[in-house]
Amino acid sequence: MFTDKNILLVISGGIAAYKSLALIRLIKKAGGRVSCILTKGGEQFVTPLSVAALSEAPVYTDLFSLKDETEMGHIRLAREADAIVVAPASANMIARLAGGFAQDLASTCLLAADSPIMIAPAMNPVMWNNPAVQDNISTLKRRGMHIMPPASGDMACGETGEGRLPEAEDLFAEIERFFFAPKPLNGKHALVTAGPTYEPIDPVRFIGNHSSGKQGYAIAHALRQAGATVTLISGPTALQTPHGVKRIDIQSAEDMLSAAESALPADIAICSAAVADWTPVHIADSKIKKQASGEIPALNLRENPDILKTLANHKKRPRIVIGFAAETNDLIANAQAKIKKKNCDYICANDVSGAQVFGAEDNHVHLISARGVTEWPRMSKDGVAQKITDLIIEELG
Ligand code: PMT
């Protein structure tokens, strides 16, 4: 996989920079070529000499180095890379990348790069959880960079938590998987519904719910990473469109159904949207006023179309149809009833009664199918998305 591949490795400041040396050896052993940029911070932890000796290539450190520019311009350094890895990526490096700064060789190269980029953050656990760092990470993800989550454990600073740079072997495996593994869903079209629907009552009011869209967006991202062409049909959310995903914005369940049917044919349909079951029969043309008499207006509702059920029974039915079930009681029994009623292949059942699911970063899912029930441990919504993607790959493979 690595044979004749050029990896540009950016080593920024951090005690874990020594692991990058082991990473260079692994890439070289696998037949790859490694060019390295060492930031000023990185130079405090590993020397240019050790990096050059292991990579068997010159090490680049200065933006304004006459020698480096005559040998290889900084733009060329980025352009010649098949893949770019930033490991360790310090909080400062991540902030510079998110801000689009070009103040040193590393940030300039990364700004000029058109190859895929993987970031391996490493820092103190409190820093890692700082909203400023997390916002920057979200920005990089949205731009299509791959973030390898830091590992948990004892830190050099004496604290314990999430923030360690993964071991060189794990970094190597992730590089292999992300950049060079075959994309198993290449050529497949996936349709994903996400977020809430808003059912209008009058020009200023609607019936909605607390769905943030996070679970559905994570699924769209994971499917895209696996090579699928993804159409994401989204209710109103504050989220950024995952890189490479086609997003169609809708408001109501009716809009969602018509967008979903227009997106067919598809090989895969995943309905994670929290669709309103009912919609007002009549939408008032102007804002409904309070009555002087104190009379409360009645809201007459009718049933909305069921998008999941429609897709699962469609003449252009996708090969795999997966729904979700948000339940406050009798999780498994209700989800099993839904799988039959809607004719889908799988239901991801999540209990929305206790621990927060709507808007949260993680989820606890029971996967239901005709074959039985599998409980997945509580994990990030990205983790759930990856499990669903793996399941689809297995089914379609
Ligand atoms: O968006 P997040 O904040 O990340 O939260 C994630 C989530 C809780 C919204 C998600 O994990 C989830 O459970 N989504 C489904 C919510 C829901 O509407 O469940 P339900 O049990 O009411 O519906 C069952 C299935 O039918 C769902 O796949 C739903 O998309 C679908 N449905 C329901 C009604 C309808 N009219 N059309 C549908 O397609």
# chains A, B, ... in the order shown; residues from 1 in each chain; ligands from 1

$ select_by_dssp --residues "segment 167-357 of chain A" --states "alpha helix (DSSP H)" --output "ChimeraX atom specification"
/A:168-175,214-225,253-263,307-312,331-342

$ residues_around --residues "segment 108-122 of chain A" --least-positions-apart "4" --cutoff "9 Å" --atoms "only C-alpha atoms" --output "MDAnalysis selection string"
chainID A and resid 14:16 63 74:91 94 97 100:104 128 140 144:151 162:166 171 175 178:179

$ write_last_selection --atoms "N, CA and C atoms" --output "CSV table (one decimal), in the first residue's frame"
chain,number,residue,atom,x,y,z
A,14,GLY,N,5.6,19.0,21.1
A,14,GLY,CA,4.9,18.2,22.1
A,14,GLY,C,5.8,17.1,22.5
A,15,ILE,N,5.6,16.6,23.8
A,15,ILE,CA,6.5,15.6,24.3
A,15,ILE,C,6.4,14.3,23.5
A,16,ALA,N,5.2,14.1,22.8
A,16,ALA,CA,5.0,12.9,22.1
A,16,ALA,C,5.7,12.9,20.7
A,63,LEU,N,10.5,28.7,6.6
A,63,LEU,CA,9.7,29.2,5.5
A,63,LEU,C,10.6,30.0,4.6
A,74,HIS,N,8.2,25.5,-1.1
A,74,HIS,CA,7.3,24.9,0.0
A,74,HIS,C,6.0,24.5,-0.6
A,75,ILE,N,5.6,25.1,-1.8
A,75,ILE,CA,4.3,24.7,-2.4
A,75,ILE,C,4.5,23.3,-3.0
A,76,ARG,N,5.7,23.1,-3.6
A,76,ARG,CA,6.0,21.8,-4.2
A,76,ARG,C,6.0,20.7,-3.1
A,77,LEU,N,6.5,21.0,-1.9
A,77,LEU,CA,6.6,20.1,-0.8
A,77,LEU,C,5.2,19.5,-0.5
A,78,ALA,N,4.2,20.4,-0.5
A,78,ALA,CA,2.8,20.0,-0.2
A,78,ALA,C,2.3,19.3,-1.4
A,79,ARG,N,2.6,19.8,-2.6
A,79,ARG,CA,2.0,19.2,-3.8
A,79,ARG,C,2.5,17.8,-4.1
A,80,GLU,N,3.7,17.5,-3.8
A,80,GLU,CA,4.3,16.2,-4.1
A,80,GLU,C,3.8,15.1,-3.1
A,81,ALA,N,3.1,15.5,-2.1
A,81,ALA,CA,2.7,14.5,-1.1
A,81,ALA,C,1.4,13.8,-1.5
A,82,ASP,N,1.4,12.5,-1.4
A,82,ASP,CA,0.2,11.7,-1.6
A,82,ASP,C,-0.7,11.9,-0.4
A,83,ALA,N,-0.1,12.1,0.7
A,83,ALA,CA,-0.9,12.2,2.0
A,83,ALA,C,-0.1,13.0,2.9
A,84,ILE,N,-0.8,13.8,3.7
A,84,ILE,CA,-0.1,14.7,4.7
A,84,ILE,C,-0.6,14.3,6.1
A,85,VAL,N,0.4,14.1,7.0
A,85,VAL,CA,0.0,13.7,8.4
A,85,VAL,C,0.6,14.8,9.3
A,86,VAL,N,-0.2,15.3,10.3
A,86,VAL,CA,0.4,16.2,11.3
A,86,VAL,C,0.3,15.4,12.6
A,87,ALA,N,1.5,15.0,13.1
A,87,ALA,CA,1.6,14.2,14.3
A,87,ALA,C,2.9,14.4,15.0
A,88,PRO,N,2.9,14.9,16.2
A,88,PRO,CA,1.7,15.3,17.0
A,88,PRO,C,1.2,16.7,16.5
A,89,ALA,N,-0.1,16.9,16.6
A,89,ALA,CA,-0.6,18.3,16.2
A,89,ALA,C,-0.9,19.0,17.6
A,90,SER,N,-0.2,20.0,17.8
A,90,SER,CA,-0.4,20.7,19.1
A,90,SER,C,-1.6,21.6,19.0
A,91,ALA,N,-2.1,22.1,20.1
A,91,ALA,CA,-3.3,23.0,20.1
A,91,ALA,C,-3.0,24.2,19.2
A,94,ILE,N,-3.1,23.3,15.5
A,94,ILE,CA,-4.5,23.2,15.2
A,94,ILE,C,-5.2,24.5,15.0
A,97,LEU,N,-4.1,26.2,11.8
A,97,LEU,CA,-4.7,25.6,10.6
A,97,LEU,C,-6.1,26.0,10.5
A,100,GLY,N,-6.3,29.5,9.3
A,100,GLY,CA,-5.8,29.7,7.9
A,100,GLY,C,-4.6,30.6,7.9
A,101,PHE,N,-3.8,30.5,9.0
A,101,PHE,CA,-2.5,31.3,9.0
A,101,PHE,C,-1.4,30.6,8.2
A,102,ALA,N,-0.6,31.5,7.6
A,102,ALA,CA,0.6,31.0,6.9
A,102,ALA,C,1.8,31.7,7.4
A,103,GLN,N,2.1,31.4,8.7
A,103,GLN,CA,3.2,32.2,9.3
A,103,GLN,C,4.5,31.4,9.5
A,104,ASP,N,4.4,30.1,9.2
A,104,ASP,CA,5.7,29.3,9.2
A,104,ASP,C,5.6,28.3,8.1
A,128,TRP,N,-7.4,19.7,25.6
A,128,TRP,CA,-8.1,19.0,24.5
A,128,TRP,C,-9.6,19.3,24.6
A,140,LEU,N,-11.8,21.9,11.3
A,140,LEU,CA,-10.9,21.1,10.4
A,140,LEU,C,-11.7,19.9,9.8
A,144,GLY,N,-12.9,18.7,5.8
A,144,GLY,CA,-12.6,17.4,5.2
A,144,GLY,C,-11.3,16.8,5.7
A,145,MET,N,-10.7,17.4,6.7
A,145,MET,CA,-9.5,16.8,7.3
A,145,MET,C,-9.9,15.6,8.2
A,146,HIS,N,-9.0,14.6,8.3
A,146,HIS,CA,-9.4,13.5,9.1
A,146,HIS,C,-8.7,13.6,10.5
A,147,ILE,N,-9.5,13.6,11.5
A,147,ILE,CA,-8.9,13.7,12.9
A,147,ILE,C,-8.8,12.4,13.5
A,148,MET,N,-7.6,11.9,13.9
A,148,MET,CA,-7.5,10.7,14.7
A,148,MET,C,-7.6,11.1,16.1
A,149,PRO,N,-8.7,10.6,16.8
A,149,PRO,CA,-8.9,11.0,18.2
A,149,PRO,C,-7.7,10.6,19.1
A,150,PRO,N,-7.4,11.5,20.0
A,150,PRO,CA,-6.2,11.2,20.9
A,150,PRO,C,-6.6,10.0,21.8
A,151,ALA,N,-5.6,9.3,22.3
A,151,ALA,CA,-5.8,8.2,23.2
A,151,ALA,C,-6.0,8.7,24.6
A,162,GLU,N,-7.9,12.2,28.2
A,162,GLU,CA,-7.9,12.0,26.8
A,162,GLU,C,-6.9,13.1,26.2
A,163,GLY,N,-6.0,12.8,25.4
A,163,GLY,CA,-5.1,13.8,24.9
A,163,GLY,C,-3.7,13.2,24.5
A,164,ARG,N,-3.5,11.9,24.8
A,164,ARG,CA,-2.2,11.3,24.4
A,164,ARG,C,-2.1,11.1,22.9
A,165,LEU,N,-1.0,11.2,22.3
A,165,LEU,CA,-0.8,10.8,20.9
A,165,LEU,C,-0.8,9.3,20.8
A,166,PRO,N,-1.6,8.7,20.0
A,166,PRO,CA,-1.6,7.2,19.9
A,166,PRO,C,-0.2,6.7,19.6
A,171,LEU,N,-0.9,4.9,14.8
A,171,LEU,CA,-0.9,6.0,13.8
A,171,LEU,C,-0.7,5.4,12.4
A,175,ILE,N,-3.2,5.7,9.3
A,175,ILE,CA,-2.7,6.3,8.0
A,175,ILE,C,-3.1,5.3,6.8
A,178,PHE,N,-7.0,5.2,6.5
A,178,PHE,CA,-7.6,6.5,6.0
A,178,PHE,C,-7.2,6.8,4.5
A,179,PHE,N,-5.9,6.7,4.3
A,179,PHE,CA,-5.4,7.2,2.9
A,179,PHE,C,-5.4,6.1,1.9

$ residues_around --residues "Ala284 of chain A" --least-positions-apart "6" --cutoff "8 Å" --atoms "only C-alpha atoms" --output "VMD selection string"
chain A and resid 201 to 203

$ residues_around --residues "Ile11 of chain A" --least-positions-apart "3" --cutoff "10 Å" --atoms "only C-alpha atoms" --output "mmCIF file with all heavy atoms, in the first residue's frame"
data_model
loop_
_atom_site.group_PDB
_atom_site.id
_atom_site.type_symbol
_atom_site.label_atom_id
_atom_site.label_comp_id
_atom_site.auth_asym_id
_atom_site.auth_seq_id
_atom_site.Cartn_x
_atom_site.Cartn_y
_atom_site.Cartn_z
ATOM 1 N N LEU A 8 4.001 13.370 3.605
ATOM 2 C CA LEU A 8 4.584 14.557 4.229
ATOM 3 C C LEU A 8 4.179 14.542 5.697
ATOM 4 O O LEU A 8 2.989 14.574 6.016
ATOM 5 C CB LEU A 8 4.059 15.833 3.533
ATOM 6 C CG LEU A 8 4.491 17.151 4.171
ATOM 7 C CD1 LEU A 8 6.007 17.306 4.158
ATOM 8 C CD2 LEU A 8 3.848 18.336 3.445
ATOM 9 N N GLY A 14 5.552 18.988 21.083
ATOM 10 C CA GLY A 14 4.866 18.161 22.075
ATOM 11 C C GLY A 14 5.798 17.051 22.509
ATOM 12 O O GLY A 14 6.619 16.569 21.697
ATOM 13 N N ALA A 16 5.218 14.143 22.838
ATOM 14 C CA ALA A 16 4.977 12.899 22.089
ATOM 15 C C ALA A 16 5.670 12.888 20.727
ATOM 16 O O ALA A 16 5.559 11.911 19.986
ATOM 17 C CB ALA A 16 3.475 12.710 21.887
ATOM 18 N N ALA A 17 6.424 13.962 20.414
ATOM 19 C CA ALA A 17 7.058 14.032 19.089
ATOM 20 C C ALA A 17 7.979 12.831 18.844
ATOM 21 O O ALA A 17 8.191 12.433 17.693
ATOM 22 C CB ALA A 17 7.825 15.339 18.943
ATOM 23 N N TYR A 18 8.480 12.225 19.929
ATOM 24 C CA TYR A 18 9.378 11.066 19.743
ATOM 25 C C TYR A 18 8.658 9.910 19.031
ATOM 26 O O TYR A 18 9.268 9.109 18.331
ATOM 27 C CB TYR A 18 9.952 10.596 21.096
ATOM 28 C CG TYR A 18 8.955 9.902 21.988
ATOM 29 C CD1 TYR A 18 8.799 8.512 21.968
ATOM 30 C CD2 TYR A 18 8.138 10.633 22.851
ATOM 31 C CE1 TYR A 18 7.873 7.882 22.777
ATOM 32 C CE2 TYR A 18 7.211 10.005 23.665
ATOM 33 C CZ TYR A 18 7.081 8.631 23.619
ATOM 34 O OH TYR A 18 6.155 8.011 24.397
ATOM 35 N N LYS A 19 7.311 9.846 19.191
ATOM 36 C CA LYS A 19 6.571 8.753 18.533
ATOM 37 C C LYS A 19 6.599 8.916 17.006
ATOM 38 O O LYS A 19 6.447 7.952 16.261
ATOM 39 C CB LYS A 19 5.116 8.717 19.020
ATOM 40 C CG LYS A 19 4.984 8.338 20.487
ATOM 41 C CD LYS A 19 3.530 8.242 20.909
ATOM 42 C CE LYS A 19 3.414 7.974 22.398
ATOM 43 N NZ LYS A 19 2.042 8.059 22.898
ATOM 44 N N SER A 20 6.781 10.157 16.558
ATOM 45 C CA SER A 20 6.831 10.407 15.111
ATOM 46 C C SER A 20 8.078 9.764 14.505
ATOM 47 O O SER A 20 8.081 9.395 13.334
ATOM 48 C CB SER A 20 6.834 11.906 14.822
ATOM 49 O OG SER A 20 5.704 12.461 15.400
ATOM 50 N N LEU A 21 9.115 9.676 15.322
ATOM 51 C CA LEU A 21 10.345 9.034 14.814
ATOM 52 C C LEU A 21 10.064 7.561 14.521
ATOM 53 O O LEU A 21 10.457 7.024 13.482
ATOM 54 C CB LEU A 21 11.482 9.186 15.824
ATOM 55 C CG LEU A 21 11.873 10.630 16.180
ATOM 56 C CD1 LEU A 21 13.012 10.638 17.191
ATOM 57 C CD2 LEU A 21 12.286 11.398 14.928
ATOM 58 N N CYS A 36 9.759 15.431 5.887
ATOM 59 C CA CYS A 36 9.321 15.950 7.197
ATOM 60 C C CYS A 36 9.488 17.456 7.297
ATOM 61 O O CYS A 36 10.486 18.023 6.839
ATOM 62 C CB CYS A 36 10.133 15.305 8.311
ATOM 63 S SG CYS A 36 9.776 13.560 8.480
ATOM 64 N N ILE A 37 8.492 18.057 7.906
ATOM 65 C CA ILE A 37 8.589 19.460 8.313
ATOM 66 C C ILE A 37 8.593 19.444 9.832
ATOM 67 O O ILE A 37 7.712 18.837 10.452
ATOM 68 C CB ILE A 37 7.390 20.293 7.812
ATOM 69 C CG1 ILE A 37 7.376 20.357 6.293
ATOM 70 C CG2 ILE A 37 7.417 21.685 8.418
ATOM 71 C CD1 ILE A 37 6.201 21.125 5.711
ATOM 72 N N LEU A 38 9.569 20.121 10.387
ATOM 73 C CA LEU A 38 9.665 20.206 11.847
ATOM 74 C C LEU A 38 9.373 21.656 12.220
ATOM 75 O O LEU A 38 10.045 22.575 11.726
ATOM 76 C CB LEU A 38 11.089 19.800 12.239
ATOM 77 C CG LEU A 38 11.410 19.413 13.658
ATOM 78 C CD1 LEU A 38 10.475 18.331 14.184
ATOM 79 C CD2 LEU A 38 12.859 18.913 13.728
ATOM 80 N N THR A 39 8.368 21.878 13.055
ATOM 81 C CA THR A 39 8.072 23.260 13.468
ATOM 82 C C THR A 39 9.088 23.688 14.540
ATOM 83 O O THR A 39 9.817 22.854 15.083
ATOM 84 C CB THR A 39 6.657 23.390 14.059
ATOM 85 O OG1 THR A 39 6.617 22.673 15.290
ATOM 86 C CG2 THR A 39 5.588 22.870 13.110
ATOM 87 N N LYS A 40 9.071 24.979 14.846
ATOM 88 C CA LYS A 40 9.974 25.474 15.913
ATOM 89 C C LYS A 40 9.691 24.723 17.213
ATOM 90 O O LYS A 40 10.613 24.338 17.927
ATOM 91 C CB LYS A 40 9.758 26.988 16.126
ATOM 92 C CG LYS A 40 10.322 27.839 15.000
ATOM 93 C CD LYS A 40 11.825 28.112 15.207
ATOM 94 C CE LYS A 40 12.489 28.671 13.960
ATOM 95 N NZ LYS A 40 13.015 27.667 13.011
ATOM 96 N N GLY A 41 8.384 24.488 17.499
ATOM 97 C CA GLY A 41 8.012 23.751 18.711
ATOM 98 C C GLY A 41 8.513 22.313 18.644
ATOM 99 O O GLY A 41 9.049 21.769 19.616
ATOM 100 N N GLY A 42 8.370 21.698 17.484
ATOM 101 C CA GLY A 42 8.807 20.315 17.285
ATOM 102 C C GLY A 42 10.299 20.165 17.535
ATOM 103 O O GLY A 42 10.756 19.176 18.122
ATOM 104 N N GLU A 43 11.055 21.197 17.118
ATOM 105 C CA GLU A 43 12.519 21.155 17.282
ATOM 106 C C GLU A 43 12.935 21.131 18.752
ATOM 107 O O GLU A 43 14.064 20.778 19.070
ATOM 108 C CB GLU A 43 13.152 22.378 16.610
ATOM 109 C CG GLU A 43 13.387 22.191 15.136
ATOM 110 C CD GLU A 43 14.204 23.336 14.547
ATOM 111 O OE1 GLU A 43 15.431 23.372 14.748
ATOM 112 O OE2 GLU A 43 13.588 24.210 13.895
ATOM 113 N N PHE A 45 11.688 19.176 20.855
ATOM 114 C CA PHE A 45 11.508 17.804 21.362
ATOM 115 C C PHE A 45 12.281 16.759 20.566
ATOM 116 O O PHE A 45 12.700 15.754 21.111
ATOM 117 C CB PHE A 45 10.011 17.448 21.383
ATOM 118 C CG PHE A 45 9.231 18.322 22.331
ATOM 119 C CD1 PHE A 45 8.629 19.492 21.889
ATOM 120 C CD2 PHE A 45 9.139 17.982 23.674
ATOM 121 C CE1 PHE A 45 7.931 20.307 22.768
ATOM 122 C CE2 PHE A 45 8.440 18.799 24.562
ATOM 123 C CZ PHE A 45 7.838 19.959 24.107
ATOM 124 N N VAL A 46 12.431 16.956 19.252
ATOM 125 C CA VAL A 46 13.265 16.047 18.452
ATOM 126 C C VAL A 46 14.174 16.899 17.564
ATOM 127 O O VAL A 46 13.807 18.024 17.197
ATOM 128 C CB VAL A 46 12.430 15.077 17.563
ATOM 129 C CG1 VAL A 46 11.703 14.042 18.387
ATOM 130 C CG2 VAL A 46 11.447 15.823 16.676
ATOM 131 N N VAL A 51 15.502 13.251 12.721
ATOM 132 C CA VAL A 51 14.422 13.114 11.732
ATOM 133 C C VAL A 51 15.021 12.832 10.346
ATOM 134 O O VAL A 51 14.561 11.939 9.623
ATOM 135 C CB VAL A 51 13.535 14.387 11.704
ATOM 136 C CG1 VAL A 51 12.490 14.307 10.609
ATOM 137 C CG2 VAL A 51 12.865 14.609 13.058
ATOM 138 N N VAL A 85 0.372 14.123 7.014
ATOM 139 C CA VAL A 85 0.038 13.731 8.394
ATOM 140 C C VAL A 85 0.643 14.764 9.337
ATOM 141 O O VAL A 85 1.823 15.101 9.204
ATOM 142 C CB VAL A 85 0.621 12.335 8.717
ATOM 143 C CG1 VAL A 85 0.300 11.939 10.156
ATOM 144 C CG2 VAL A 85 0.088 11.286 7.747
ATOM 145 N N VAL A 86 -0.174 15.274 10.255
ATOM 146 C CA VAL A 86 0.352 16.191 11.279
ATOM 147 C C VAL A 86 0.340 15.427 12.592
ATOM 148 O O VAL A 86 -0.727 15.148 13.144
ATOM 149 C CB VAL A 86 -0.493 17.481 11.384
ATOM 150 C CG1 VAL A 86 0.168 18.472 12.341
ATOM 151 C CG2 VAL A 86 -0.714 18.109 10.020
ATOM 152 N N ALA A 87 1.513 15.013 13.081
ATOM 153 C CA ALA A 87 1.578 14.192 14.295
ATOM 154 C C ALA A 87 2.904 14.438 15.014
ATOM 155 O O ALA A 87 3.944 14.177 14.423
ATOM 156 C CB ALA A 87 1.446 12.706 13.942
ATOM 157 N N PRO A 88 2.886 14.912 16.230
ATOM 158 C CA PRO A 88 1.707 15.348 16.962
ATOM 159 C C PRO A 88 1.240 16.719 16.464
ATOM 160 O O PRO A 88 2.044 17.513 16.012
ATOM 161 C CB PRO A 88 2.222 15.443 18.410
ATOM 162 C CG PRO A 88 3.695 15.714 18.276
ATOM 163 C CD PRO A 88 4.134 15.044 17.022
ATOM 164 N N ALA A 89 -0.073 16.942 16.571
ATOM 165 C CA ALA A 89 -0.622 18.255 16.238
ATOM 166 C C ALA A 89 -0.903 18.961 17.556
ATOM 167 O O ALA A 89 -1.771 18.530 18.313
ATOM 168 C CB ALA A 89 -1.893 18.104 15.410
ATOM 169 N N SER A 90 -0.166 20.009 17.847
ATOM 170 C CA SER A 90 -0.356 20.750 19.101
ATOM 171 C C SER A 90 -1.610 21.619 18.982
ATOM 172 O O SER A 90 -2.124 21.858 17.878
ATOM 173 C CB SER A 90 0.857 21.634 19.367
ATOM 174 O OG SER A 90 0.959 22.594 18.320
ATOM 175 N N MET A 93 -0.837 24.425 16.667
ATOM 176 C CA MET A 93 -0.825 24.030 15.248
ATOM 177 C C MET A 93 -2.263 23.932 14.718
ATOM 178 O O MET A 93 -2.576 24.396 13.616
ATOM 179 C CB MET A 93 -0.120 22.662 15.130
ATOM 180 C CG MET A 93 0.035 22.132 13.736
ATOM 181 S SD MET A 93 1.384 22.945 12.895
ATOM 182 C CE MET A 93 0.520 23.732 11.568
ATOM 183 N N ALA A 106 5.218 25.029 8.137
ATOM 184 C CA ALA A 106 4.189 23.993 8.299
ATOM 185 C C ALA A 106 2.808 24.543 7.930
ATOM 186 O O ALA A 106 2.089 23.951 7.111
ATOM 187 C CB ALA A 106 4.176 23.486 9.739
#

$ atom_distance --atom1 "atom CA of Asp62 of chain A" --atom2 "atom CA of Glu174 of chain A"
28.5 Å

$ closest_residue --among "A:Gly359, A:Pro58, A:Pro265, A:Pro280" --to "ligand 1" --atoms "only C-alpha atoms and all ligand atoms"
A:Gly359

$ closest_atom_pairs --of "chain A" --to "ligand 1" --cutoff "7 Å" --atoms "only C-alpha atoms and all ligand atoms" --output "Markdown table"
| residue | atom | partner | partner_atom_place_in_ligand_line | distance |
| --- | --- | --- | --- | --- |
| A:Thr193 | CA | ligand 1 | 30 (O) | 7.0 |
| A:Ala194 | CA | ligand 1 | 1 (O) | 6.5 |
| A:Gly195 | CA | ligand 1 | 1 (O) | 4.9 |
| A:His210 | CA | ligand 1 | 3 (O) | 6.5 |
| A:Ser211 | CA | ligand 1 | 1 (O) | 3.8 |
| A:Ser212 | CA | ligand 1 | 3 (O) | 3.6 |
| A:Gly213 | CA | ligand 1 | 1 (O) | 3.4 |
| A:Lys214 | CA | ligand 1 | 4 (O) | 3.7 |
| A:Gln215 | CA | ligand 1 | 4 (O) | 3.8 |
| A:Gly216 | CA | ligand 1 | 1 (O) | 6.4 |
| A:Ala253 | CA | ligand 1 | 36 (N) | 6.4 |
| A:Cys271 | CA | ligand 1 | 28 (O) | 4.3 |
| A:Ser272 | CA | ligand 1 | 14 (N) | 4.2 |
| A:Ala273 | CA | ligand 1 | 30 (O) | 4.2 |
| A:Ala274 | CA | ligand 1 | 18 (O) | 3.3 |
| A:Val275 | CA | ligand 1 | 34 (C) | 4.7 |
| A:Ala276 | CA | ligand 1 | 36 (N) | 5.8 |
| A:Asp277 | CA | ligand 1 | 36 (N) | 4.7 |
| A:Asn304 | CA | ligand 1 | 36 (N) | 5.2 |
| A:Pro305 | CA | ligand 1 | 36 (N) | 5.1 |
| A:Asp306 | CA | ligand 1 | 37 (N) | 3.5 |
| A:Ile307 | CA | ligand 1 | 39 (O) | 3.6 |
| A:Leu308 | CA | ligand 1 | 39 (O) | 3.7 |
| A:Lys309 | CA | ligand 1 | 39 (O) | 6.4 |
| A:Gly323 | CA | ligand 1 | 28 (O) | 3.6 |
| A:Phe324 | CA | ligand 1 | 28 (O) | 3.8 |
| A:Ala325 | CA | ligand 1 | 21 (O) | 3.5 |
| A:Ala326 | CA | ligand 1 | 13 (O) | 4.1 |
| A:Glu327 | CA | ligand 1 | 21 (O) | 6.2 |
| A:Lys338 | CA | ligand 1 | 24 (C) | 6.9 |
| A:Ala349 | CA | ligand 1 | 13 (O) | 6.7 |
| A:Asn350 | CA | ligand 1 | 13 (O) | 5.7 |
| A:Val352 | CA | ligand 1 | 8 (C) | 6.8 |
| A:Val357 | CA | ligand 1 | 8 (C) | 5.5 |
| A:Phe358 | CA | ligand 1 | 3 (O) | 3.5 |
| A:Gly359 | CA | ligand 1 | 3 (O) | 3.5 |
| A:Ala360 | CA | ligand 1 | 3 (O) | 6.1 |

$ residues_around --residues "Ser353 of chain A" --least-positions-apart "3" --cutoff "8 Å" --atoms "only C-alpha atoms" --output "PDB file with C-alpha atoms, in the first residue's frame"
ATOM      1  CA  GLU A 327     -38.301   5.524  22.602  1.00  0.00           C
ATOM      2  CA  THR A 328     -39.012   6.594  26.165  1.00  0.00           C
ATOM      3  CA  ASN A 329     -40.274   3.159  27.274  1.00  0.00           C
ATOM      4  CA  GLN A 356     -29.431  12.893  26.921  1.00  0.00           C
TER       5      GLN A 356
END

$ select_by_dssp --residues "segment 137-280 of chain A" --states "strand (DSSP E)" --output "PyMOL selection string"
chain A and resi 146-147+151-154+160-164+189-194+199-202+205-207+229-234+246-249+268-271+278-280

$ residues_around --residues "Val281 of chain A" --least-positions-apart "6" --cutoff "8 Å" --atoms "only C-alpha atoms" --output "VMD selection string"
chain A and resid 300 to 302

$ closest_residue --among "A:Val192, A:Ser293, A:Asp362, A:Gly208" --to "Leu311 of chain A" --atoms "only C-alpha atoms"
A:Val192
